[in-house]
>>> print(open('data27.txt').read())   # compact mmCIF, C-alpha atoms
# COMPACT_ATOMS: atom_id res chain seq x y z
CA GLY A 16 25.58 -68.12 57.34
CA GLU A 17 27.89 -65.65 58.97
CA GLN A 18 26.48 -62.79 61.05
CA VAL A 19 28.52 -59.72 61.93
CA GLU A 20 27.45 -57.25 64.59
CA GLN A 21 29.00 -53.77 64.67
CA LEU A 22 28.83 -51.18 67.41
CA PRO A 23 28.35 -48.32 67.88
CA SER A 24 26.18 -47.27 64.94
CA ILE A 25 26.97 -43.59 65.58
CA LEU A 26 30.22 -42.24 66.98
CA ARG A 27 31.18 -38.63 67.52
CA VAL A 28 34.65 -37.69 68.70
CA GLN A 29 36.74 -34.58 69.06
CA GLU A 30 39.57 -34.00 66.61
CA GLY A 31 42.80 -35.45 67.93
CA SER A 32 41.13 -38.07 70.10
CA SER A 33 40.79 -41.79 69.36
CA ALA A 34 37.80 -43.59 67.90
CA SER A 35 37.03 -47.27 68.43
CA ILE A 36 34.60 -49.51 66.59
CA ASN A 37 33.86 -53.05 67.70
CA CYS A 38 32.63 -56.04 65.74
CA SER A 39 31.76 -59.61 66.59
CA TYR A 40 31.18 -62.60 64.35
CA GLU A 41 29.64 -66.02 64.70
CA ASP A 42 31.27 -68.38 62.24
CA SER A 43 34.52 -69.82 63.53
CA ALA A 44 35.44 -70.64 59.92
CA SER A 45 35.85 -66.93 59.17
CA ASN A 46 39.52 -66.08 58.94
CA TYR A 47 39.67 -62.76 57.13
CA PHE A 48 38.46 -59.44 58.60
CA PRO A 49 38.60 -56.27 56.51
CA TRP A 50 37.50 -52.75 57.31
CA TYR A 51 36.00 -50.37 54.78
CA LYS A 52 35.54 -46.61 54.77
CA GLN A 53 32.72 -45.13 52.73
CA GLU A 54 32.38 -41.42 52.12
CA PRO A 55 29.13 -39.86 50.87
CA GLY A 56 28.46 -40.71 47.24
CA GLU A 57 31.44 -43.01 47.04
CA ASN A 58 31.99 -46.75 46.99
CA PRO A 59 33.37 -48.55 50.05
CA LYS A 60 37.15 -48.55 50.11
CA LEU A 61 39.32 -51.07 51.91
CA ILE A 62 41.43 -49.32 54.55
CA ILE A 63 42.92 -52.17 56.56
CA ASP A 64 42.47 -55.91 56.94
CA ILE A 65 43.66 -58.68 59.21
CA ARG A 66 43.91 -62.42 58.84
CA SER A 67 43.28 -64.90 61.60
CA ASN A 68 46.96 -65.70 62.02
CA MET A 69 47.47 -62.20 63.44
CA GLU A 70 46.24 -60.49 66.59
CA ARG A 71 47.19 -56.93 65.77
CA LYS A 72 47.91 -54.88 62.68
CA GLN A 73 48.71 -51.22 62.32
CA ILE A 74 48.82 -48.96 59.28
CA GLN A 75 49.67 -45.41 60.29
CA GLU A 76 46.83 -44.21 62.52
CA LEU A 77 44.71 -47.35 62.01
CA ILE A 78 44.99 -50.27 64.44
CA VAL A 79 43.05 -53.50 64.12
CA LEU A 80 42.84 -56.02 66.95
CA LEU A 81 41.53 -59.57 66.58
CA ASP A 82 40.47 -61.89 69.41
CA LYS A 83 39.67 -65.20 67.73
CA LYS A 84 38.67 -66.88 70.95
CA ALA A 85 36.02 -64.27 71.67
CA LYS A 86 35.20 -63.86 67.96
CA ARG A 87 35.69 -60.12 68.21
CA PHE A 88 37.70 -57.61 66.28
CA SER A 89 38.01 -53.88 66.48
CA LEU A 90 39.26 -50.82 64.64
CA HIS A 91 40.98 -48.00 66.47
CA ILE A 92 41.70 -44.69 64.79
CA THR A 93 44.24 -42.68 66.71
CA ASP A 94 44.60 -38.89 66.42
CA THR A 95 41.37 -38.52 64.44
CA GLN A 96 41.02 -35.78 61.86
CA PRO A 97 37.90 -34.29 60.23
CA GLY A 98 38.82 -36.25 57.09
CA ASP A 99 38.21 -39.45 59.04
CA SER A 100 34.50 -38.61 59.17
CA ALA A 101 32.70 -41.29 57.15
CA MET A 102 30.83 -44.57 57.38
CA TYR A 103 32.95 -47.50 58.48
CA PHE A 104 32.08 -51.14 57.91
CA CYS A 105 33.67 -54.24 59.32
CA ALA A 106 33.31 -57.56 57.55
CA ALA A 107 34.18 -61.21 57.90
CA SER A 108 34.71 -64.08 55.52
CA ALA A 109 36.64 -67.19 54.76
CA TYR A 110 39.87 -66.62 52.93
CA ASN A 111 39.38 -67.54 49.28
CA ALA A 112 38.37 -65.97 46.00
CA GLY A 113 34.84 -67.34 45.98
CA ALA A 114 33.98 -66.73 49.61
CA LYS A 115 31.37 -64.09 50.27
CA LEU A 116 31.99 -61.19 52.61
CA THR A 117 29.43 -60.45 55.31
CA PHE A 118 29.30 -56.85 56.51
CA GLY A 119 28.47 -55.33 59.85
CA GLY A 120 25.76 -52.71 60.10
CA GLY A 121 28.13 -49.77 59.84
CA THR A 122 29.32 -46.93 62.07
CA ARG A 123 28.79 -43.29 61.19
CA LEU A 124 31.89 -41.53 62.55
CA THR A 125 31.90 -37.76 62.89
CA VAL A 126 35.09 -36.00 63.96
CA ARG A 127 34.40 -32.54 65.37
CA PRO A 128 37.06 -29.87 64.75
CA SER B 11 43.71 -54.81 43.05
CA VAL B 12 41.00 -54.91 40.40
CA LEU B 13 39.15 -52.00 38.86
CA LEU B 14 35.43 -52.45 38.29
CA TYR B 15 33.48 -50.17 35.99
CA GLN B 16 29.74 -49.93 36.33
CA LYS B 17 27.28 -48.50 33.89
CA PRO B 18 25.10 -46.51 34.33
CA ASN B 19 26.22 -44.42 37.32
CA ARG B 20 22.62 -43.62 38.08
CA ASP B 21 19.22 -44.26 36.61
CA ILE B 22 15.67 -43.18 37.17
CA CYS B 23 12.89 -45.49 36.04
CA GLN B 24 9.17 -45.92 36.34
CA SER B 25 7.60 -48.61 38.47
CA GLY B 26 7.08 -51.81 36.55
CA THR B 27 9.94 -51.32 34.15
CA SER B 28 13.24 -53.20 34.02
CA LEU B 29 16.75 -51.92 33.89
CA LYS B 30 20.15 -53.46 33.39
CA ILE B 31 23.37 -52.64 35.20
CA GLN B 32 26.67 -53.62 33.64
CA CYS B 33 29.94 -54.33 35.40
CA VAL B 34 33.29 -54.72 33.68
CA ALA B 35 36.52 -55.72 35.40
CA ASP B 36 39.94 -54.67 34.14
CA SER B 37 41.23 -58.20 34.71
CA GLN B 38 39.80 -61.69 34.89
CA VAL B 39 38.16 -62.50 38.21
CA VAL B 40 36.76 -65.74 39.51
CA SER B 41 33.63 -64.47 41.20
CA MET B 42 31.65 -61.29 40.99
CA PHE B 43 29.44 -60.31 43.90
CA TRP B 44 26.49 -57.96 43.69
CA TYR B 45 25.57 -55.90 46.74
CA GLN B 46 22.60 -53.69 47.50
CA GLN B 47 22.89 -50.68 49.79
CA PHE B 48 20.04 -48.53 51.01
CA GLN B 49 20.73 -44.98 52.14
CA GLU B 50 22.86 -44.91 55.31
CA GLN B 51 22.65 -48.68 55.68
CA SER B 52 24.97 -51.63 55.32
CA LEU B 53 25.90 -53.62 52.26
CA MET B 54 23.69 -56.61 51.62
CA LEU B 55 25.00 -59.40 49.42
CA MET B 56 22.50 -60.22 46.70
CA ALA B 57 24.22 -62.93 44.73
CA THR B 58 27.49 -64.47 43.66
CA ALA B 59 28.16 -64.92 39.95
CA ASN B 60 30.73 -67.25 38.46
CA GLU B 61 31.45 -67.67 34.78
CA GLY B 62 29.26 -70.09 32.91
CA SER B 63 27.00 -71.01 35.79
CA GLU B 64 23.83 -69.71 37.32
CA ALA B 65 24.27 -67.09 40.00
CA THR B 66 23.82 -68.12 43.61
CA TYR B 67 21.29 -65.90 45.36
CA GLU B 68 21.12 -64.94 49.02
CA SER B 69 17.96 -65.08 51.06
CA GLY B 70 15.53 -62.40 50.00
CA PHE B 71 16.81 -62.16 46.43
CA THR B 72 15.57 -64.23 43.50
CA LYS B 73 16.68 -64.77 39.94
CA ASP B 74 13.26 -63.81 38.64
CA LYS B 75 13.52 -60.38 40.25
CA PHE B 76 17.28 -59.87 39.85
CA PRO B 77 18.59 -62.02 36.99
CA ILE B 78 22.36 -61.95 36.74
CA SER B 79 24.50 -63.01 33.83
CA ARG B 80 28.22 -63.81 33.87
CA PRO B 81 29.21 -64.66 30.31
CA ASN B 82 32.97 -64.36 30.86
CA LEU B 83 35.60 -63.65 33.48
CA THR B 84 35.50 -59.86 33.12
CA PHE B 85 31.82 -59.06 32.73
CA SER B 86 28.52 -59.32 34.56
CA THR B 87 25.11 -57.77 34.34
CA LEU B 88 22.41 -57.34 36.96
CA THR B 89 18.86 -56.75 35.82
CA VAL B 90 16.16 -55.34 38.08
CA ASN B 91 12.81 -56.63 36.84
CA ASN B 92 9.47 -55.05 37.58
CA ALA B 93 11.19 -52.25 39.48
CA ARG B 94 9.40 -50.88 42.55
CA PRO B 95 10.14 -47.83 44.73
CA GLY B 96 11.47 -50.25 47.36
CA ASP B 97 14.24 -51.21 44.92
CA SER B 98 15.58 -47.66 45.04
CA SER B 99 19.09 -48.08 46.36
CA ILE B 100 22.68 -48.30 45.22
CA TYR B 101 23.86 -51.47 43.52
CA PHE B 102 27.54 -52.38 43.64
CA CYS B 103 29.39 -55.06 41.78
CA SER B 104 32.50 -56.32 43.49
CA SER B 105 35.23 -58.88 43.16
CA ARG B 106 38.11 -60.24 45.16
CA ALA B 107 41.69 -59.67 44.13
CA GLY B 108 45.09 -59.28 45.69
CA THR B 109 47.96 -61.63 46.32
CA ASN B 110 45.69 -64.38 47.63
CA ASN B 111 42.43 -63.09 46.16
CA GLU B 112 41.29 -62.15 49.62
CA ARG B 113 40.56 -58.45 49.21
CA LEU B 114 37.15 -57.30 47.97
CA PHE B 115 37.01 -54.30 45.66
CA PHE B 116 33.89 -52.43 44.64
CA GLY B 117 32.72 -50.74 41.51
CA HIS B 118 31.58 -47.15 41.87
CA GLY B 119 27.98 -48.17 42.17
CA THR B 120 24.73 -47.54 40.33
CA LYS B 121 22.19 -45.39 42.11
CA LEU B 122 18.70 -46.44 41.14
CA SER B 123 15.62 -44.37 41.78
CA VAL B 124 12.26 -45.95 41.00
CA LEU B 125 9.32 -43.57 40.69
>>> encode(input="data27.txt", output="structure tokens")
Amino acid sequence: GEQVEQLPSILRVQEGSSASINCSYEDSASNYFPWYKQEPGENPKLIIDIRSNMERKQIQELIVLLDKKAKRFSLHITDTQPGDSAMYFCAASAYNAGAKLTFGGGTRLTVRP
Amino acid sequence: SVLLYQKPNRDICQSGTSLKIQCVADSQVVSMFWYQQFQEQSLMLMATANEGSEATYESGFTKDKFPISRPNLTFSTLTVNNARPGDSSIYFCSSRAGTNNERLFFGHGTKLSVL
């Protein structure tokens, strides 16, 4: 089955700087790559996703890059704010209703004021 | 999107007992996925449940320990049998929705503590 590796596991940045999280996957059949943010005591919430027919997607301060050849994708948060502090998970799957999503190990992001 | 309601929000039980977690979707969904999450760790897929068929379990999870029912397209239950302290974690039901059913949405989770 699919394996997703996520680095770093802990990330601390200064408010206003950028934060980057990197993921790699193994299964070339994976074509859908979402990112989730999970705050303490909450469920994971989808913040941005990218399909394999794209290389870059941006929603406000969130940028996702996908390199299919290298089987890597990454999340970049520009101009970080304390409210961005949370656990972040990348994931990979095939693109259909019954396909299971495999998650990376998670990154604990702390944004220092 | 799809809204998923889980019940109970949290539970405390004694070792050796069983408990049931319910998940209700606000619309019909093809598959429901159950995930387990230990404190500060990732989400581990336990099983996939489709209506009218036996759930498909991932490695490390069995139907004897975690029986799952999926009687219709909006409902699923996860049972934790013979609960042990090592089962203490958060259990999430989830389902895919969206224009092409690609996006996975989670219920609010059930935090289980086994004494």
>>> closest_atom_pairs(input="data27.txt", of="region 35-55 of chain B", to="region 16-20 of chain B", cutoff="12 Å", atoms="only C-alpha atoms", output="Markdown table")
| residue | atom | partner | partner_atom | distance |
| --- | --- | --- | --- | --- |
| B:Ala35 | CA | B:Gln16 | CA | 9.0 |
| B:Asp36 | CA | B:Gln16 | CA | 11.5 |
| B:Trp44 | CA | B:Gln16 | CA | 11.4 |
>>> closest_residue(input="data27.txt", among="B:Ala93, B:Leu55, B:Met42, B:Leu83", to="Ala106 (chain A)", atoms="all atoms listed in the file")
B:Leu55
>>> residues_near_point(input="data27.txt", point="(33.2, -42.9, 61.8)", cutoff="10 Å", atoms="only C-alpha atoms", output="number ranges by chain")
A: 23-28, 34-36, 52-54, 92, 95, 97-104, 121-126
>>> closest_atom_pairs(input="data27.txt", of="chain B", to="chain A", cutoff="8 Å", atoms="only C-alpha atoms", output="Markdown table")
| residue | atom | partner | partner_atom | distance |
| --- | --- | --- | --- | --- |
| B:Val40 | CA | A:Ala112 | CA | 6.7 |
| B:Ser41 | CA | A:Gly113 | CA | 5.7 |
| B:Phe43 | CA | A:Lys115 | CA | 7.7 |
| B:Gln51 | CA | A:Gly120 | CA | 6.7 |
| B:Ser52 | CA | A:Gly120 | CA | 5.0 |
| B:Leu53 | CA | A:Phe118 | CA | 6.3 |
| B:Met54 | CA | A:Phe118 | CA | 7.4 |
| B:Leu55 | CA | A:Thr117 | CA | 7.4 |
| B:Thr58 | CA | A:Lys115 | CA | 7.7 |
| B:Phe102 | CA | A:Asn58 | CA | 7.9 |
| B:Arg106 | CA | A:Ala112 | CA | 5.8 |
| B:Ala107 | CA | A:Ala112 | CA | 7.4 |
| B:Asn110 | CA | A:Asn111 | CA | 7.2 |
| B:Asn111 | CA | A:Ala112 | CA | 5.0 |
| B:Glu112 | CA | A:Asn111 | CA | 5.7 |
| B:Arg113 | CA | A:Pro49 | CA | 7.9 |
| B:Leu114 | CA | A:Leu61 | CA | 7.7 |
| B:Phe115 | CA | A:Lys60 | CA | 7.3 |
| B:Phe116 | CA | A:Asn58 | CA | 6.4 |
| B:Gly117 | CA | A:Asn58 | CA | 6.8 |
| B:His118 | CA | A:Asn58 | CA | 5.2 |
| B:Gly119 | CA | A:Asn58 | CA | 6.4 |
>>> closest_residue(input="data27.txt", among="B:Thr87, B:Ser104, B:Ser11, B:Asn92", to="Thr27 (chain B)", atoms="all atoms listed in the file")
B:Asn92
>>> build_atoms(input="data27.txt", residues="region 47-58 of chain A", atoms="N, CA and C atoms", output="PDB file, in the coordinates of the input")
ATOM      1  N   TYR A  47      39.208 -63.987  57.779  1.00  0.00           N
ATOM      2  CA  TYR A  47      39.670 -62.760  57.130  1.00  0.00           C
ATOM      3  C   TYR A  47      38.723 -61.637  57.518  1.00  0.00           C
ATOM      4  N   PHE A  48      39.278 -60.492  57.995  1.00  0.00           N
ATOM      5  CA  PHE A  48      38.460 -59.440  58.600  1.00  0.00           C
ATOM      6  C   PHE A  48      38.915 -58.078  58.078  1.00  0.00           C
ATOM      7  N   PRO A  49      38.244 -57.581  57.056  1.00  0.00           N
ATOM      8  CA  PRO A  49      38.600 -56.270  56.510  1.00  0.00           C
ATOM      9  C   PRO A  49      37.746 -55.160  57.095  1.00  0.00           C
ATOM     10  N   TRP A  50      38.230 -53.955  56.949  1.00  0.00           N
ATOM     11  CA  TRP A  50      37.500 -52.750  57.310  1.00  0.00           C
ATOM     12  C   TRP A  50      37.420 -51.836  56.094  1.00  0.00           C
ATOM     13  N   TYR A  51      36.228 -51.259  55.906  1.00  0.00           N
ATOM     14  CA  TYR A  51      36.000 -50.370  54.780  1.00  0.00           C
ATOM     15  C   TYR A  51      35.561 -48.997  55.272  1.00  0.00           C
ATOM     16  N   LYS A  52      35.969 -47.991  54.530  1.00  0.00           N
ATOM     17  CA  LYS A  52      35.540 -46.610  54.770  1.00  0.00           C
ATOM     18  C   LYS A  52      34.727 -46.166  53.562  1.00  0.00           C
ATOM     19  N   GLN A  53      33.563 -45.600  53.830  1.00  0.00           N
ATOM     20  CA  GLN A  53      32.720 -45.130  52.730  1.00  0.00           C
ATOM     21  C   GLN A  53      32.338 -43.682  52.963  1.00  0.00           C
ATOM     22  N   GLU A  54      32.742 -42.833  52.055  1.00  0.00           N
ATOM     23  CA  GLU A  54      32.380 -41.420  52.120  1.00  0.00           C
ATOM     24  C   GLU A  54      31.127 -41.190  51.286  1.00  0.00           C
ATOM     25  N   PRO A  55      30.407 -40.104  51.578  1.00  0.00           N
ATOM     26  CA  PRO A  55      29.130 -39.860  50.870  1.00  0.00           C
ATOM     27  C   PRO A  55      29.301 -39.887  49.353  1.00  0.00           C
ATOM     28  N   GLY A  56      28.441 -40.647  48.695  1.00  0.00           N
ATOM     29  CA  GLY A  56      28.460 -40.710  47.240  1.00  0.00           C
ATOM     30  C   GLY A  56      29.571 -41.559  46.655  1.00  0.00           C
ATOM     31  N   GLU A  57      30.319 -42.210  47.522  1.00  0.00           N
ATOM     32  CA  GLU A  57      31.440 -43.010  47.040  1.00  0.00           C
ATOM     33  C   GLU A  57      31.199 -44.504  47.300  1.00  0.00           C
ATOM     34  N   ASN A  58      32.046 -45.322  46.692  1.00  0.00           N
ATOM     35  CA  ASN A  58      31.990 -46.750  46.990  1.00  0.00           C
ATOM     36  C   ASN A  58      32.805 -47.046  48.245  1.00  0.00           C
TER      37      ASN A  58
END
